[in-house]
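*Asks:* Quick one: the structure is below, and I'll ask about it shortly.
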Amino acid sequence: MKRREFLKSSVVLANAAAFGGRAGGAQQASVPCPVTLLSMPDYGRDMEKEIAAIMASDGLRLKGKKVLLKPNFVEAHPERPINTNPSVIASVAHACLRLGAAQVIVGEASGHRRDPWFSVLNPAFRSILDKKVRCVDLNHGDAVAVPNKGGLTGLPHFYLARPVAEADILISLPKMKTHHWVGVTLCLKNLFGVLPGIYYGWPKNLLHYRGIERSILDLARTVKVHYSIVDGVVGMEGDGPIMGKAKPVGALVLSPFPLAADSTAARMMGFDPRKILYLAQAGRFLPGLRQQDVVIRGERPARFASQFDCLDEFKGMRGGPFF
Amino acid sequence: MERLISETGNLVERLLSLSLPDGGLPYYRGNGSSAEPTLLAVIGLSVSGAPAERVKPLLAWVQGLQNANGSVGVDPGHRDQGVWLTAQAAIVFHHYGIAENAKKALAFLLSLRSVTSAKDPKLRQDDTLTGWPWVPGTFGWVEPTAWSIIALSLSGLGGNPRAEEGTRFLLDRQIPSGGWNYGNPALGGKELLPFWDTTGLALVALRGYGDPKRVGVSLELMGKNQGKIESLSGLSWAVLCLDSYGRDSARAKGKLLSVMGSLRDEEFHAGNFALGLVALSGKKVFIP
């Protein structure tokens with residue numbers, strides 16, 4: 001990905017007309033969106049029971065369903081919290097089994113690493129999962145062309161990895177991170193990883209070339225996310241999503257509404273989601289952007305309120321205090 | 001060596017056990033036939049001494065996948081996608097002396113160009129250089145560029161201006177302290193980490209071209225770290241590149257053999273496994 005592309009894209013996207021108006025335009029009708037904050041001070045604790053209870057209370061019905069968990073494994077670095085932590089993924093996978101899921105698959109099309117050993121096929125990661133949980137490299141394998149329901153990128157369709165297309169339930173499991181092109185990367189940005197690299201490359205430069213924000217929005221219209229859990233136990237601030245620094249927050253953010261999870265996580269990071277272009281635009285077709293629509297459950301959000309350091313160009317996205 | 005000889009037959013059979021009725025191979029069991037695992041299997045099986053009649057269906061499947069414009073895409077259902085794979089197809093056609101298919105594939109490769117842009121002083125890379133993209137109409141990256149250079153070099157086109165510029169492209173994308181990743185040596189002034197697979201592939205592609213001193217730091221990095229690599233893909237490329245430069249690859253080769261012998265079905269990536277067979281064979285099929 002290249003800064004020039006971003007600048008080019010940003011110039012276009014900054015034109016409100018390109019999206020039919022910014023956040024001040026027509027928004028989704030008000031829908032109460034539950035978001036639960038679950039304290040998880042470190043990765044040493046198994047949260048299976050707590051997560052299962054929250055998903056059940058949110059009305060997520062998994063009995064007999066084929067569930068695909070989509071973590072974020074963009075890159076591997078021994079000292080940086082780049083990826084969704086394996087213990088969070090394991091807790092969610094086991095919670096899904098507890099709720100009666102017929103199949104639980106952990107799938108990822110890693111954005112930078114072609115070698116699946118650095119992603120979901122890593123033996124150490126797989127060793128902590130119940131034997132009933134399958135891990136699937138979404139970068140290599142069959143794909144299904146589905147019509148692009150957005151149209152901002154001009155791409156007629158997306159090639160979804162077949163396990164994604166065939167899943168009954170898709171759960172997005174991103175890491176809470178800043179992003180050096182779009183501000184933050186959370187549940188919606190995590191959708192890049194349902195597209196196989198064999199079609200889109202490493203990185204998925206076609207999506208960058210068509211505009212990262214446009215691509216996120218097209219994917220958010222095309223791919224249904226049934227549940228979202230943001231790993232904010234240790235996030236990444238500064239020059240994320242790869243080169244930033246660890247930022248402990250100590251919480252998981254859970255919601256049946258991906259935009260509500262993203263907007264809440266952004267506020268916890270000290271950013272105003274209405275100033276983050278793709279989140280603001282997603283608010284035109286997904287519920288959960290406005291703070292008054294978010295119904296916080298579990299822990300008090302003020303407990304986790306942070307100020308994530310960010311690159312200068314994103315400092316204008318800061319806001320709050322929100323809680 | 002004895003262990004290698006005794007195990008190669010089993011490894012070949014394991015790879016062939018993924019063969020599908022249409023003649024191709026999938027990436028993973030349960031998927032349909034795909035170009036890359038089938039192409040790499042053709043090479044891997046050939047250098048491992050598999051009987052020609054067992055390779056023939058794979059080769060026929062690949063030939064059938066070639067489009068009228070010479071390109072080869074992901075699979076029969078998505079023939080226009082992933083056409084960077086044409087480079088691997090050209091390598092296979094070259095080794096099998098299938099002149100017409102090879103000629104068309106090379107012509108397509110020479111027509112496939114990455115997008116360029118003016119030099120950005122903030123970046124440690126020269127975006128005016130043309131390489132090869134993953135997807136037509138986008139920027140160039142290390143892996144498709146390296147495969148394309150290998151294909152052109154094997155076919156006697158290493159002196160073609162595209163191959164020469166591609167070589168400069170790869171050298172430009174080398175991380176200053178050694179190695180390659182997907183194709184950005186640095187971001188925001190900070191060096192990024194190298195990957196074993198792309199480092200090995202780029203070194204193989206650059207074998208014999210340019211000043212050897214310019215890749216010395218990467219070769220040293222690979223040689224020193226070969227004992228630490230754990231993945232099938234990384235080990236395969238470590239062996240392939242160290243062997244290409246006449247360096248000792250014993251540690252990586254021993255580990256590669258162990259990894260290939262212990263893979264479980266769900267982690268059995270047929271393309272990487274076939275590449276492992278090429279590496280274990282010691283045959284230098286990717287350099288002229």
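Residues are referred to by chain and number: the chain letter is A, B, ... according to the order shown in the structure tokens, the number counts from 1 in that chain, and ligands are numbered separately from 1 in the order shown.
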Using only C-alpha atoms, determine which residues of chain B fall within 6 Å of chain A; present them as a short mmCIF file (atom, residue, chain, number, x, y, z; two decimals) with N, CA and C atoms, in the first residue's frame.

*Replies:*
data_model
loop_
_atom_site.label_atom_id
_atom_site.label_comp_id
_atom_site.auth_asym_id
_atom_site.auth_seq_id
_atom_site.Cartn_x
_atom_site.Cartn_y
_atom_site.Cartn_z
N TYR B 27 -5.68 -26.62 -3.56
CA TYR B 27 -4.76 -26.15 -2.53
C TYR B 27 -4.86 -27.05 -1.30
N ASN B 31 -11.27 -28.84 -1.65
CA ASN B 31 -11.47 -27.74 -2.61
C ASN B 31 -11.38 -28.28 -4.03
N GLN B 81 -9.10 -14.44 -13.36
CA GLN B 81 -8.62 -13.96 -12.06
C GLN B 81 -7.25 -14.58 -11.75
N GLY B 82 -6.43 -13.83 -11.03
CA GLY B 82 -5.13 -14.37 -10.60
C GLY B 82 -4.20 -14.67 -11.77
N TRP B 134 -0.21 -8.31 -8.82
CA TRP B 134 -1.08 -9.46 -8.56
C TRP B 134 -2.31 -9.39 -9.47
N SER B 231 8.15 -23.07 8.98
CA SER B 231 7.02 -23.35 8.08
C SER B 231 7.48 -24.07 6.82
#

*Asks:* Looking only at alpha helix (DSSP H) from DSSP on the backbone, list the matching residues of range 66-184 of chain A as an NGL selection string.

*Replies:* :A and (86-98 or 123-127 or 162-166)

*Asks:* Can I get the selection written as a PDB file, in the first residue's frame, with C-alpha atoms?

*Replies:*
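Saved the output as selection04.pdb:
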ATOM      1  CA  PRO A  86      -5.241 -16.493  20.247  1.00  0.00           C
ATOM      2  CA  SER A  87      -6.739 -16.752  23.730  1.00  0.00           C
ATOM      3  CA  VAL A  88      -9.596 -14.450  22.707  1.00  0.00           C
ATOM      4  CA  ILE A  89     -10.215 -16.481  19.571  1.00  0.00           C
ATOM      5  CA  ALA A  90     -10.167 -19.697  21.579  1.00  0.00           C
ATOM      6  CA  SER A  91     -12.595 -18.307  24.153  1.00  0.00           C
ATOM      7  CA  VAL A  92     -15.019 -17.240  21.419  1.00  0.00           C
ATOM      8  CA  ALA A  93     -14.676 -20.524  19.516  1.00  0.00           C
ATOM      9  CA  HIS A  94     -15.375 -22.535  22.640  1.00  0.00           C
ATOM     10  CA  ALA A  95     -18.278 -20.246  23.551  1.00  0.00           C
ATOM     11  CA  CYS A  96     -19.792 -21.013  20.137  1.00  0.00           C
ATOM     12  CA  LEU A  97     -19.462 -24.741  20.792  1.00  0.00           C
ATOM     13  CA  ARG A  98     -21.041 -24.228  24.199  1.00  0.00           C
ATOM     14  CA  PRO A 123       0.545 -25.116  15.310  1.00  0.00           C
ATOM     15  CA  ALA A 124       0.837 -23.226  18.601  1.00  0.00           C
ATOM     16  CA  PHE A 125      -2.443 -21.440  17.936  1.00  0.00           C
ATOM     17  CA  ARG A 126      -4.226 -24.607  16.899  1.00  0.00           C
ATOM     18  CA  SER A 127      -2.992 -26.441  19.964  1.00  0.00           C
ATOM     19  CA  ARG A 162     -16.161 -20.353   0.089  1.00  0.00           C
ATOM     20  CA  PRO A 163     -16.193 -21.029   3.861  1.00  0.00           C
ATOM     21  CA  VAL A 164     -17.354 -17.433   4.344  1.00  0.00           C
ATOM     22  CA  ALA A 165     -20.065 -17.717   1.718  1.00  0.00           C
ATOM     23  CA  GLU A 166     -21.287 -20.990   3.208  1.00  0.00           C
TER      24      GLU A 166
END

*Asks:* Using backbone DSSP assignments, extract all strand (DSSP E or B) residues from range 67-296 of chain A; output them as an MDAnalysis selection string.

*Replies:* chainID A and resid 67:71 103:108 133:137 143:147 157:161 169:173 175:179 183:185 227:238 245:255 271 294:296

*Asks:* What's the 10 Å shell around range 174-182 of chain B, counting only C-alpha atoms, without same-chain residues fewer than 4 positions away, as a ChimeraX atom specification?

*Replies:* /A:111-114,201-203 /B:124-125,140-144,169-170,186,191-203,214-222

*Asks:* Could those residues be written to a file, using N, CA and C atoms, as an mmCIF file, in the first residue's frame?

*Replies:*
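Below you can see out.cif, which holds the result:
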data_model
loop_
_atom_site.group_PDB
_atom_site.id
_atom_site.type_symbol
_atom_site.label_atom_id
_atom_site.label_comp_id
_atom_site.auth_asym_id
_atom_site.auth_seq_id
_atom_site.Cartn_x
_atom_site.Cartn_y
_atom_site.Cartn_z
ATOM 1 N N GLY A 111 -3.583 -10.581 5.262
ATOM 2 C CA GLY A 111 -3.370 -9.530 4.273
ATOM 3 C C GLY A 111 -1.957 -9.384 3.753
ATOM 4 N N HIS A 112 -0.982 -9.711 4.585
ATOM 5 C CA HIS A 112 0.406 -9.555 4.154
ATOM 6 C C HIS A 112 1.124 -10.882 4.000
ATOM 7 N N ARG A 113 0.827 -11.788 4.882
ATOM 8 C CA ARG A 113 1.548 -13.057 4.922
ATOM 9 C C ARG A 113 0.828 -14.109 4.094
ATOM 10 N N ARG A 114 1.514 -14.609 3.087
ATOM 11 C CA ARG A 114 0.931 -15.676 2.295
ATOM 12 C C ARG A 114 1.063 -17.009 2.993
ATOM 13 N N GLY A 201 -4.333 -10.650 -4.091
ATOM 14 C CA GLY A 201 -2.922 -10.381 -3.850
ATOM 15 C C GLY A 201 -2.587 -10.155 -2.389
ATOM 16 N N TRP A 202 -1.287 -9.952 -2.149
ATOM 17 C CA TRP A 202 -0.755 -9.689 -0.799
ATOM 18 C C TRP A 202 0.131 -8.451 -0.882
ATOM 19 N N PRO A 203 -0.237 -7.284 -0.434
ATOM 20 C CA PRO A 203 -1.527 -6.975 0.168
ATOM 21 C C PRO A 203 -2.613 -6.924 -0.897
ATOM 22 N N ARG B 124 10.923 4.927 0.851
ATOM 23 C CA ARG B 124 12.235 4.366 0.545
ATOM 24 C C ARG B 124 12.122 3.410 -0.628
ATOM 25 N N GLN B 125 11.322 3.732 -1.594
ATOM 26 C CA GLN B 125 11.222 2.852 -2.748
ATOM 27 C C GLN B 125 10.929 3.680 -3.990
ATOM 28 N N GLY B 140 3.019 -3.013 -8.521
ATOM 29 C CA GLY B 140 3.850 -4.211 -8.575
ATOM 30 C C GLY B 140 4.272 -4.665 -7.179
ATOM 31 N N TRP B 141 4.491 -5.966 -7.034
ATOM 32 C CA TRP B 141 4.847 -6.542 -5.736
ATOM 33 C C TRP B 141 5.932 -7.594 -5.933
ATOM 34 N N VAL B 142 6.544 -7.993 -4.849
ATOM 35 C CA VAL B 142 7.726 -8.852 -4.943
ATOM 36 C C VAL B 142 7.408 -10.200 -5.591
ATOM 37 N N GLU B 143 6.372 -10.865 -5.106
ATOM 38 C CA GLU B 143 6.176 -12.243 -5.560
ATOM 39 C C GLU B 143 5.833 -12.357 -7.048
ATOM 40 N N PRO B 144 4.831 -11.659 -7.546
ATOM 41 C CA PRO B 144 4.558 -11.793 -8.985
ATOM 42 C C PRO B 144 5.724 -11.324 -9.854
ATOM 43 N N PHE B 169 13.561 -3.530 -9.926
ATOM 44 C CA PHE B 169 12.408 -3.406 -9.025
ATOM 45 C C PHE B 169 12.658 -4.245 -7.762
ATOM 46 N N LEU B 170 13.065 -5.491 -7.959
ATOM 47 C CA LEU B 170 13.294 -6.364 -6.793
ATOM 48 C C LEU B 170 14.423 -5.840 -5.918
ATOM 49 N N ALA B 186 10.111 -0.294 3.725
ATOM 50 C CA ALA B 186 9.933 0.542 4.914
ATOM 51 C C ALA B 186 8.634 1.320 4.791
ATOM 52 N N GLU B 191 12.006 0.493 8.898
ATOM 53 C CA GLU B 191 12.150 -0.754 8.139
ATOM 54 C C GLU B 191 11.105 -1.773 8.564
ATOM 55 N N LEU B 192 10.583 -2.503 7.585
ATOM 56 C CA LEU B 192 9.647 -3.579 7.903
ATOM 57 C C LEU B 192 10.402 -4.900 7.994
ATOM 58 N N LEU B 193 9.724 -5.911 8.516
ATOM 59 C CA LEU B 193 10.371 -7.214 8.702
ATOM 60 C C LEU B 193 10.376 -8.019 7.406
ATOM 61 N N PRO B 194 11.443 -8.801 7.192
ATOM 62 C CA PRO B 194 11.459 -9.679 6.012
ATOM 63 C C PRO B 194 10.641 -10.948 6.257
ATOM 64 N N PHE B 195 10.202 -11.565 5.164
ATOM 65 C CA PHE B 195 9.512 -12.863 5.227
ATOM 66 C C PHE B 195 10.456 -13.901 4.614
ATOM 67 N N TRP B 196 10.407 -15.128 5.096
ATOM 68 C CA TRP B 196 11.305 -16.158 4.557
ATOM 69 C C TRP B 196 10.920 -16.557 3.142
ATOM 70 N N ASP B 197 9.622 -16.662 2.885
ATOM 71 C CA ASP B 197 9.223 -17.146 1.553
ATOM 72 C C ASP B 197 9.560 -16.128 0.460
ATOM 73 N N THR B 198 9.214 -14.885 0.663
ATOM 74 C CA THR B 198 9.497 -13.894 -0.386
ATOM 75 C C THR B 198 10.997 -13.592 -0.483
ATOM 76 N N THR B 199 11.707 -13.707 0.646
ATOM 77 C CA THR B 199 13.159 -13.517 0.590
ATOM 78 C C THR B 199 13.789 -14.599 -0.275
ATOM 79 N N GLY B 200 13.386 -15.849 -0.040
ATOM 80 C CA GLY B 200 13.942 -16.944 -0.833
ATOM 81 C C GLY B 200 13.587 -16.823 -2.303
ATOM 82 N N LEU B 201 12.333 -16.500 -2.570
ATOM 83 C CA LEU B 201 11.875 -16.381 -3.960
ATOM 84 C C LEU B 201 12.618 -15.252 -4.687
ATOM 85 N N ALA B 202 12.747 -14.102 -4.028
ATOM 86 C CA ALA B 202 13.431 -12.971 -4.667
ATOM 87 C C ALA B 202 14.901 -13.315 -4.930
ATOM 88 N N LEU B 203 15.533 -13.988 -3.975
ATOM 89 C CA LEU B 203 16.937 -14.370 -4.178
ATOM 90 C C LEU B 203 17.071 -15.332 -5.365
ATOM 91 N N ARG B 214 24.919 -6.964 -3.937
ATOM 92 C CA ARG B 214 23.688 -6.262 -3.563
ATOM 93 C C ARG B 214 22.671 -7.178 -2.889
ATOM 94 N N VAL B 215 22.847 -8.483 -3.045
ATOM 95 C CA VAL B 215 21.925 -9.389 -2.348
ATOM 96 C C VAL B 215 22.645 -10.143 -1.221
ATOM 97 N N GLY B 216 23.908 -9.815 -1.002
ATOM 98 C CA GLY B 216 24.691 -10.534 0.008
ATOM 99 C C GLY B 216 24.063 -10.477 1.388
ATOM 100 N N VAL B 217 23.557 -9.321 1.759
ATOM 101 C CA VAL B 217 22.988 -9.175 3.098
ATOM 102 C C VAL B 217 21.762 -10.072 3.274
ATOM 103 N N SER B 218 20.996 -10.240 2.207
ATOM 104 C CA SER B 218 19.808 -11.099 2.270
ATOM 105 C C SER B 218 20.186 -12.573 2.303
ATOM 106 N N LEU B 219 21.191 -12.893 1.535
ATOM 107 C CA LEU B 219 21.660 -14.283 1.507
ATOM 108 C C LEU B 219 22.229 -14.682 2.876
ATOM 109 N N GLU B 220 22.962 -13.776 3.471
ATOM 110 C CA GLU B 220 23.500 -14.036 4.810
ATOM 111 C C GLU B 220 22.366 -14.215 5.814
ATOM 112 N N LEU B 221 21.370 -13.353 5.701
ATOM 113 C CA LEU B 221 20.224 -13.425 6.616
ATOM 114 C C LEU B 221 19.560 -14.797 6.525
ATOM 115 N N MET B 222 19.363 -15.259 5.313
ATOM 116 C CA MET B 222 18.715 -16.549 5.115
ATOM 117 C C MET B 222 19.601 -17.676 5.631
#

*Asks:* Tell me which of A:Ala29, A:Leu60, A:Met268, A:Leu191 sits closest to Val249 in chain A, counting only C-alpha atoms.

*Replies:*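 So, comparing all the options, the nearest one is A:Met268.
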
*Asks:* Could you give me, as a PDB file with C-alpha atoms, in the first residue's frame, the residues within 12 Å of Gly59 in chain A, counting only C-alpha atoms and dropping anything in the same chain fewer than 4 positions from it?

*Replies:*
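Written out: out04.pdb:
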ATOM      1  CA  PRO A  34     -26.617  -3.248  22.627  1.00  0.00           C
ATOM      2  CA  ALA A  52     -21.282 -17.391  25.715  1.00  0.00           C
ATOM      3  CA  ALA A  53     -23.624 -15.765  28.216  1.00  0.00           C
ATOM      4  CA  ILE A  54     -23.368 -12.368  26.514  1.00  0.00           C
ATOM      5  CA  MET A  55     -23.866 -13.785  23.016  1.00  0.00           C
ATOM      6  CA  LYS A  63     -27.547 -24.246  17.753  1.00  0.00           C
ATOM      7  CA  LEU A  99     -24.002 -22.551  22.501  1.00  0.00           C
ATOM      8  CA  HIS A 226     -23.802 -11.363  12.606  1.00  0.00           C
ATOM      9  CA  TYR A 227     -21.728 -10.598  15.661  1.00  0.00           C
ATOM     10  CA  SER A 255     -22.242  -6.469  19.882  1.00  0.00           C
ATOM     11  CA  PRO A 256     -24.657  -7.927  17.344  1.00  0.00           C
ATOM     12  CA  PHE A 257     -24.230  -4.625  15.475  1.00  0.00           C
TER      13      PHE A 257
END

*Asks:* When you count only C-alpha atoms, which of these residues is closest to Thr138 in chain B: B:Gly246, B:Ala99, B:Trp84, B:Leu65?

*Replies:*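 Smallest distance to Thr138 in chain B is found for B:Trp84.
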
*Asks:* Pick the closest to Ala266 in chain A from A:Val184, A:Leu217, A:Val194, A:Val295: which is it, counting only C-alpha atoms?

*Replies:*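 Smallest separation from Ala266 in chain A among the options: A:Val184.
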
*Asks:* Which of these residues is nearest to Lys253 in chain B, using only C-alpha atoms: B:Leu4, B:Ala105, B:Ala146, B:Leu20?

*Replies:*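 Of all the options, B:Leu4 lies closest to Lys253 in chain B.
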
*Asks:* Let me make sure I understand: among A:Thr222, A:Thr36, A:Asn72, A:Gln307, which one has the smallest atom-to-atom distance to Phe158 in chain A if we use only C-alpha atoms?

*Replies:*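 For Phe158 in chain A, the nearest of the given residues is A:Thr222.
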
*Asks:* Quick one: pull the distance between CA of Val83 in chain B and CA of Ser71 in chain B, Å, one decimal.

*Replies:*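 Here the two named atoms are 5.9 Å from each other.
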
*Asks:* Would you kindly return, as a list of chain:residue names, each protein, DNA or RNA residue with an atom no farther than 8 Å from any atom of Ile216 in chain A, considering only C-alpha atoms and excluding same-chain residues fewer than 3 positions away?

*Replies:* A:Leu188, A:Lys189, A:Leu191, A:Phe192, A:Ile212, A:Glu213, A:Leu219, A:Ala220, A:Tyr278

*Asks:* Could you please take those selected residues and save N, CA and C atoms as a short mmCIF file (atom, residue, chain, number, x, y, z; two decimals), in the first residue's frame?

*Replies:*
data_model
loop_
_atom_site.label_atom_id
_atom_site.label_comp_id
_atom_site.auth_asym_id
_atom_site.auth_seq_id
_atom_site.Cartn_x
_atom_site.Cartn_y
_atom_site.Cartn_z
N LEU A 188 -15.40 -3.62 10.75
CA LEU A 188 -15.71 -3.45 9.32
C LEU A 188 -14.45 -3.58 8.47
N LYS A 189 -13.38 -2.97 8.90
CA LYS A 189 -12.12 -3.09 8.14
C LYS A 189 -11.64 -4.55 8.10
N LEU A 191 -13.16 -6.99 7.43
CA LEU A 191 -13.79 -7.75 6.33
C LEU A 191 -12.87 -7.95 5.14
N PHE A 192 -11.80 -7.17 5.04
CA PHE A 192 -10.85 -7.42 3.95
C PHE A 192 -10.37 -8.88 3.97
N ILE A 212 -9.51 2.43 -0.04
CA ILE A 212 -9.71 1.56 1.13
C ILE A 212 -11.08 1.80 1.75
N GLU A 213 -11.43 3.08 1.90
CA GLU A 213 -12.71 3.37 2.54
C GLU A 213 -13.89 2.92 1.68
N LEU A 219 -17.86 -3.69 1.11
CA LEU A 219 -17.88 -4.99 1.80
C LEU A 219 -18.91 -4.99 2.93
N ALA A 220 -19.02 -3.86 3.62
CA ALA A 220 -19.99 -3.79 4.73
C ALA A 220 -21.42 -3.92 4.21
N TYR A 278 -15.11 6.41 6.96
CA TYR A 278 -15.86 5.21 6.57
C TYR A 278 -16.89 4.80 7.62
#

*Asks:* Within 12 Å of range 48-53 of chain B, counting only C-alpha atoms, which residues qualify if same-chain residues fewer than 5 places away don't, as a PyMOL selection string?

*Replies:* chain B and resi 4-13+15-16+23+41-43+58-60+96+274-283+285

*Asks:* Which distance in Å separates CA of Gly97 in chain B and CA of Gln63 in chain B, to one decimal?

*Replies:*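 Pair CA of Gly97 in chain B / CA of Gln63 in chain B returns 12.4 Å.
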
*Asks:* Could you pull the residues within 6 Å of Pro71 in chain A, counting only C-alpha atoms, minus those fewer than 6 positions along the same chain, as a list in words?

*Replies:* Thr84, Leu173 and Pro174 of chain A

*Asks:* For Val234 in chain A, which residue out of A:Asp262, A:Asp272, A:Asp42, A:Glu48 is the nearest one, using only C-alpha atoms?

*Replies:*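 Of the candidates, the smallest distance to Val234 in chain A is held by A:Asp42.
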
*Asks:* Using Å and a single decimal, report how far CA of Val204 in chain B sits from CA of Tyr245 in chain B.

*Replies:* 8.3 Å
